[in-house]
Amino acid sequence: MEQKHPRSLTEELLHAYYEHGSDAAISKLASEGNLRERFLYMLRHDTLTGLYNKTAFCHEAEQVLRQNPTMRFELMVVNINRFKALNDIFNEHIGNELLQQIASLFNALTLRPCAYGRLHADNFVILYPEETGSTRRRLMTSLDVTVASFSLEYRVDLSFGIYPVADRDLTVHTMCDRAFMALSKAKKKNTSSYAVYDEAMRQRIVEEQMLLSNLPKGIEDENFVIYLQPKFDFVTEKIVGAEALVRWRHPRLGFISPAKFIPAFERTGAILRLDKYVWEKVCQLLRKELDAGISAKPVSVNVSRVDLYNQNLVQHFKDLVHKYGLPPQLLELEITESAYVDRPQDIVRMTKELQAAGFPILMDDFGSGFSSLNMLKDLPVDVLKMDLKFLADTTPEAAERARNILISVVRMAKGLQTPVIVEGVETKEQAQFLRDIGCEYAQGYYYAKPVAVPAYEQMLQDNGAEHQPELRRFNCAKCDQDCAHCTMLAAPPELLQPQAR
Ligand code: C2E
Ligand code: MG
Ligand code: MG
């Protein structure tokens, strides 16, 4: 394989051009003895590493496959994790050195027949014969060892996406695309890891693409419908508000669950558009309730972590409530705990501004994002929202542990004087238990499923709309003190009797 790294003709010509003008570049070009060869080399190779570029790699890989019709092959793409951070922390030269080091390893391989190259940025590719999985393992280990020894101060590791060449009628371009699909799965883990392409992966991506391309029309045609899931006070069992959950009534595919389209929209940023639509619809709804003289209950909306990158978010919410003449207290904002963990300073600043503007902040999925207790005391959060799903499908011992965790969290929340709402409450026993340990609010199928707006309004009427949501405190039956005091002293659940103040 002709993969040495002579001086780049492009670099020389550019140098001549910038230093001495276009005439100098043209005469330099004319003076090149082996111009044709150097020009061809430049067309086929990556300047930095001297490896094949994408076009040349695809051509070379096609040859290898054609010349070895009975041999089994795999195509692997290799990507450096957090490469951008490495470039930022050190400098581009260091990043370049790492790329060259990886290229050297490829050049030193004795695998035959094979083809390899650098596709773009920090993405390399290699096609190699594979029968038993051992070549793949050896390759990954060699590459891991190479990058691990690169720097002592910065942990460099790689992700691998593998396409086992099953269909030789595909172009090598398409094979690379499939290896990249596998790579994006491997990338979801934080450390060195690999994933192997399968058909379901492609199917998922095709579906995602389809959903994404249908979004603008879906919004235009009002196919996204707001459902509301009521939230209840554990003690009075009155509705205290609701969470807005979007549903997609697709004209061809029928009813699509948010669990299917929200993650795809979050990955591509399309969620920004959908969330703004949902928030606006919720404001319209609240306005309508106020106009109808119904005592409107607060409705919470989900704020995706992607929304939090929008520097105008706070202003957007202020403008929205202003537009509909709403008290901001009626629009509650659910922010997932893991968003705080991702970018604590930015999110804390933003949520403080939102809170100062009057919007209540709920920390959604509390307990799933590993925020530290230390961090929690400084967070601008009005309500902690926990999901009971971590109680599901567990052994009796694990369920017991989960219950103990819940008890501790509720105690801690009381120490922080922050009410807790538990979602996913499905059974009477769960409701009883949660009420007994001092949780304030509930949301779940046991009380009510998410329903369309007219059904929610009916429920509000039936359930007694005069009830005002207030933050309840619970007194301990033993000492009749505020539980914020008692529960911190590890009072057993049976001593905790919820009582309205
Ligand atoms: P989430 O915000 O944590 O919402 C709660 C989910 O739990 C809802 O699912 C709700 O229907 C479901 N749920 C409520 N009670 C129970 C129960 O007792 N048992 C079980 N098994 N599930 C229960 P849904 O509506 O399918 O929404 C799923 C997720 O999609 C939501 O989780 C939220 O993260 C996201 N989502 C929904 N609507 C929106 C939206 O408008 N914007 C954004 N950014 N995300 C949304
Ligand atoms: Mg939520
Ligand atoms: Mg939740």
# chains A, B, ... in the order shown; residues from 1 in each chain; ligands from 1
call {"tool": "select_by_dssp", "arguments": {"residues": "stretch 135-175 of chain A", "states": "alpha helix (DSSP H)", "output": "PyMOL selection string"}}
result
chain A and resi 135-148+172-175
call {"tool": "residues_near_ligand", "arguments": {"ligand": "ligand 2", "cutoff": "10 Å", "atoms": "only C-alpha atoms and all ligand atoms", "output": "VMD selection string"}}
result
chain A and resid 243 to 245 300 to 304 333 to 336 362 to 365 385 to 387 423
call {"tool": "atom_distance", "arguments": {"atom1": "atom CA of A:Ile407", "atom2": "atom 25 (O, counted along the ligand's line) of ligand 1"}}
result
26.2 Å
call {"tool": "select_by_dssp", "arguments": {"residues": "stretch 124-336 of chain A", "states": "strand (DSSP E or B)", "output": "compact mmCIF listing (two decimals) with C-alpha atoms, in the first residue's frame"}}
result
# COMPACT_ATOMS: atom_id res chain seq x y z
CA PHE A 124 -10.57 6.67 10.84
CA VAL A 125 -11.76 3.63 8.96
CA ILE A 126 -10.42 0.17 8.27
CA LEU A 127 -11.69 -2.80 6.26
CA TYR A 128 -10.15 -6.10 7.41
CA PRO A 129 -10.78 -9.84 7.04
CA LEU A 158 -11.60 5.54 21.49
CA SER A 159 -15.02 4.40 20.32
CA PHE A 160 -15.49 1.83 17.58
CA GLY A 161 -18.43 1.25 15.23
CA ILE A 162 -18.40 -2.02 13.30
CA TYR A 163 -20.26 -3.11 10.21
CA PRO A 164 -19.80 -6.84 9.44
CA SER A 193 -16.44 0.99 23.79
CA TYR A 194 -17.66 -0.56 20.60
CA ALA A 195 -20.98 -1.45 18.98
CA VAL A 196 -21.80 -3.72 16.07
CA PHE A 224 -49.57 17.39 18.29
CA VAL A 225 -52.10 17.25 21.07
CA ILE A 226 -51.64 18.26 24.67
CA TYR A 227 -52.71 15.71 27.24
CA LEU A 228 -52.84 16.60 30.89
CA GLN A 229 -52.09 14.26 33.72
CA PRO A 230 -53.59 15.58 36.98
CA LYS A 231 -51.49 15.83 40.12
CA PHE A 232 -53.15 15.11 43.45
CA ASP A 233 -52.65 16.11 47.01
CA ILE A 239 -56.33 17.94 42.07
CA VAL A 240 -53.57 20.49 42.58
CA GLY A 241 -52.54 20.91 38.96
CA ALA A 242 -51.37 18.84 36.01
CA GLU A 243 -48.41 17.99 33.83
CA ALA A 244 -48.69 18.68 30.11
CA LEU A 245 -47.59 15.66 28.08
CA VAL A 246 -47.59 15.85 24.33
CA ARG A 247 -49.05 13.17 22.04
CA TRP A 248 -48.67 12.88 18.29
CA ARG A 249 -51.73 11.91 16.28
CA HIS A 250 -49.94 11.07 13.07
CA GLY A 254 -51.72 6.79 14.27
CA PHE A 255 -51.05 7.64 17.87
CA ILE A 256 -47.32 7.93 18.64
CA VAL A 299 -49.79 23.24 34.69
CA SER A 300 -46.21 22.06 34.44
CA VAL A 301 -44.41 21.78 31.13
CA ASN A 302 -41.28 19.83 30.35
CA VAL A 303 -38.18 21.83 29.57
CA LEU A 331 -46.72 27.81 34.46
CA GLU A 332 -44.49 25.35 36.27
CA LEU A 333 -41.26 24.22 34.66
CA GLU A 334 -40.01 20.63 34.89
CA ILE A 335 -36.28 20.36 34.39
CA THR A 336 -34.69 16.94 34.52
call {"tool": "residues_around", "arguments": {"residues": "stretch 108-123 of chain A", "least_positions_apart": "6", "cutoff": "10 Å", "atoms": "only C-alpha atoms", "output": "PyMOL selection string"}}
result
chain A and resi 1+3+45-46+48-65+67-68+71+73-84+95-96+98-99+102+129+135+139+142+159-160+176+180
call {"tool": "closest_atom_pairs", "arguments": {"of": "stretch 300-329 of chain A", "to": "stretch 261-271 of chain A", "cutoff": "9 Å", "atoms": "only C-alpha atoms", "output": "Markdown table"}}
result
| residue | atom | partner | partner_atom | distance |
| --- | --- | --- | --- | --- |
| A:Ser304 | CA | A:Ile271 | CA | 7.5 |
| A:Arg305 | CA | A:Glu266 | CA | 8.1 |
| A:Val306 | CA | A:Glu266 | CA | 6.6 |
| A:Asp307 | CA | A:Ile271 | CA | 7.8 |
call {"tool": "residues_around", "arguments": {"residues": "stretch 314-320 of chain A", "least_positions_apart": "6", "cutoff": "12 Å", "atoms": "only C-alpha atoms", "output": "VMD selection string"}}
result
chain A and resid 272 275 to 284 286 to 287 301 303 307 to 308 326 to 333 347 349 to 360
call {"tool": "write_last_selection", "arguments": {"atoms": "C-alpha atoms", "output": "mmCIF file, in the first residue's frame"}}
result
data_model
loop_
_atom_site.group_PDB
_atom_site.id
_atom_site.type_symbol
_atom_site.label_atom_id
_atom_site.label_comp_id
_atom_site.auth_asym_id
_atom_site.auth_seq_id
_atom_site.Cartn_x
_atom_site.Cartn_y
_atom_site.Cartn_z
ATOM 1 C CA LEU A 272 -36.877 23.255 20.598
ATOM 2 C CA ASP A 275 -41.488 22.473 23.206
ATOM 3 C CA LYS A 276 -42.227 26.080 22.250
ATOM 4 C CA TYR A 277 -45.415 24.858 20.625
ATOM 5 C CA VAL A 278 -46.425 22.917 23.747
ATOM 6 C CA TRP A 279 -45.657 25.833 26.079
ATOM 7 C CA GLU A 280 -47.718 28.180 23.939
ATOM 8 C CA LYS A 281 -50.657 25.755 23.829
ATOM 9 C CA VAL A 282 -50.543 25.398 27.608
ATOM 10 C CA CYS A 283 -50.604 29.186 28.023
ATOM 11 C CA GLN A 284 -53.596 29.391 25.694
ATOM 12 C CA LEU A 286 -54.648 28.550 31.056
ATOM 13 C CA ARG A 287 -55.894 31.814 29.562
ATOM 14 C CA VAL A 301 -44.411 21.775 31.131
ATOM 15 C CA VAL A 303 -38.180 21.832 29.569
ATOM 16 C CA ASP A 307 -33.863 24.149 25.582
ATOM 17 C CA LEU A 308 -31.471 25.120 28.335
ATOM 18 C CA LEU A 326 -50.850 34.953 33.037
ATOM 19 C CA PRO A 327 -49.366 34.927 36.511
ATOM 20 C CA PRO A 328 -46.086 32.992 36.057
ATOM 21 C CA GLN A 329 -46.998 30.844 39.058
ATOM 22 C CA LEU A 330 -49.452 29.002 36.814
ATOM 23 C CA LEU A 331 -46.720 27.807 34.460
ATOM 24 C CA GLU A 332 -44.494 25.355 36.272
ATOM 25 C CA LEU A 333 -41.263 24.217 34.660
ATOM 26 C CA ILE A 347 -28.471 25.831 34.688
ATOM 27 C CA ARG A 349 -28.047 30.704 36.917
ATOM 28 C CA MET A 350 -30.880 30.214 34.457
ATOM 29 C CA THR A 351 -33.242 28.537 36.905
ATOM 30 C CA LYS A 352 -32.551 31.255 39.479
ATOM 31 C CA GLU A 353 -33.627 33.835 36.908
ATOM 32 C CA LEU A 354 -36.746 31.847 36.079
ATOM 33 C CA GLN A 355 -37.578 31.480 39.737
ATOM 34 C CA ALA A 356 -37.017 35.185 40.327
ATOM 35 C CA ALA A 357 -39.474 35.837 37.502
ATOM 36 C CA GLY A 358 -42.065 33.804 39.393
ATOM 37 C CA PHE A 359 -41.980 30.429 37.617
ATOM 38 C CA PRO A 360 -42.040 27.442 39.984
#
call {"tool": "atom_distance", "arguments": {"atom1": "atom 26 (O, counted along the ligand's line) of ligand 1", "atom2": "atom CA of A:Lys389"}}
result
12.7 Å
